[in-house]
Every structure is written in structure tokens, then in C-alpha cells.
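Data block below; observations after.
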Amino acid sequence: MAGKSAPKKNPSAIKRTRQAEKHRLHNRAVRTAIKTVTKKVEAAVSEKNEEEAHKAFMEAAVVISKAASKGVIHRNTASRKISRLAKLANTVLRSEAA
């Protein structure tokens with residue numbers, strides 16, 4: 001039966017469980033922040049607000065890069081997300097220029 005196992009007795013296992021829970025909560029907060037800044041960029045692009053889109057993209061790039069450097073997400077995933085957001089943000093710049 002796949003269920004919760006009995007609580008650990010070993011002190012090091014107990015500590016690892018505590019640490020794992022802390023890391024899980026921190027990582028979840030960081031991933032949520034990534035989603036939030038991504039939505040800000042998408043909202044600014046949909047409103048065709050060039051200045052806001054650029055500002056939101058720069059903020060998003062910082063948050064995503066920091067998450068990758070801390071090991072919350074893989075560096076290739078971070079690069080892919082930043083690249084896609086840059087591509088999206090550039091659509092506003094191109095439409096303004098045309």
C-alpha cells in the first residue's frame with residue numbers, strides 16, 4: 001500500500017525531514033514569484049505598454065536568473081523562460097516601431 005511511512009526515529013533523518021520541508025516551502029514561493037512576474041510581462045504586452053513591458057521583463061529576468069542560481073529551477077529552464085519572455089516583450093517594441 002502506498003501511504004505515509006512511519007515517522008523517522010533517527011535524529012539525522014528527522015533533521016533532513018525538517019530541512020526538506022523548509023526547502024519545499026521556499027522553492028514553492030520562488031516558483032510562484034516566477035509565475036507572477038511572467039504574468040506581469042504578458043499583461044504589459046497585451047496592453048501594448050512598451051515601457052511597462054520592458055520594466056516587467058527586466059524584473060522577470062532577474063527573478064528567473066536568481067532562481068536558477070539557487071537551484072530552484074534548472075539553468076536551461078531559466079534560459080528558455082527568459083528567452084520566450086524577451087521574444088514576447090520584443091513584439092511590443094516592433095509593433096510600436098512599425
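Naming works like this for the C-alpha cells: A, B, ... for the chains as they're shown, residue 1 at the start of each chain, ligands 1 onward in shown order.
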
### Query
Which polymer residues have any atom within 12 Å of an atom of Arg28 of chain A, counting only C-alpha atoms, with same-chain residues fewer than 6 positions away left out, as a PyMOL selection string?
chain A and resi 21-22+34-35+67+72-73

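Using only C-alpha atoms, the contacts of Ala56 of chain A at a cut-off of 9 Å, with sequence neighbours closer than 2 positions omitted, comprise Val37, Thr38, Lys40, Val41, Glu42, Ala44, Glu51, Glu52, Ala53, His54, Met58, Glu59, Ala60 and Ala61 of chain A.
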
Give me a file of those residues, with C-alpha atoms, as a compact mmCIF listing (two decimals), in the first residue's frame.
```
# COMPACT_ATOMS: atom_id res chain seq x y z
CA VAL A 37 6.46 38.20 -12.90
CA THR A 38 5.79 36.24 -16.09
CA LYS A 40 3.14 40.88 -15.41
CA VAL A 41 5.14 40.80 -18.65
CA GLU A 42 2.27 39.14 -20.52
CA ALA A 44 2.01 44.65 -20.18
CA GLU A 51 7.75 50.98 -21.03
CA GLU A 52 5.90 48.71 -18.59
CA ALA A 53 6.70 45.63 -20.68
CA HIS A 54 10.42 46.43 -20.66
CA MET A 58 13.89 43.12 -16.65
CA GLU A 59 12.35 42.25 -13.27
CA ALA A 60 11.34 38.81 -14.54
CA ALA A 61 14.81 38.10 -15.91
```

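Nearest to Leu93 of chain A of all the residues A:Arg80, A:Lys48, A:Lys15, A:Lys66 is A:Lys48, counting only C-alpha atoms.
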
### Query
Distance atom CA of Leu88 of chain A-atom CA of Ser46 of chain A, one decimal place?
9.8 Å

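With only C-alpha atoms as the atoms that count, the residue of A:Lys9, A:Lys39, A:Asn27, A:Lys4 with the shortest distance to Lys70 of chain A is A:Asn27.
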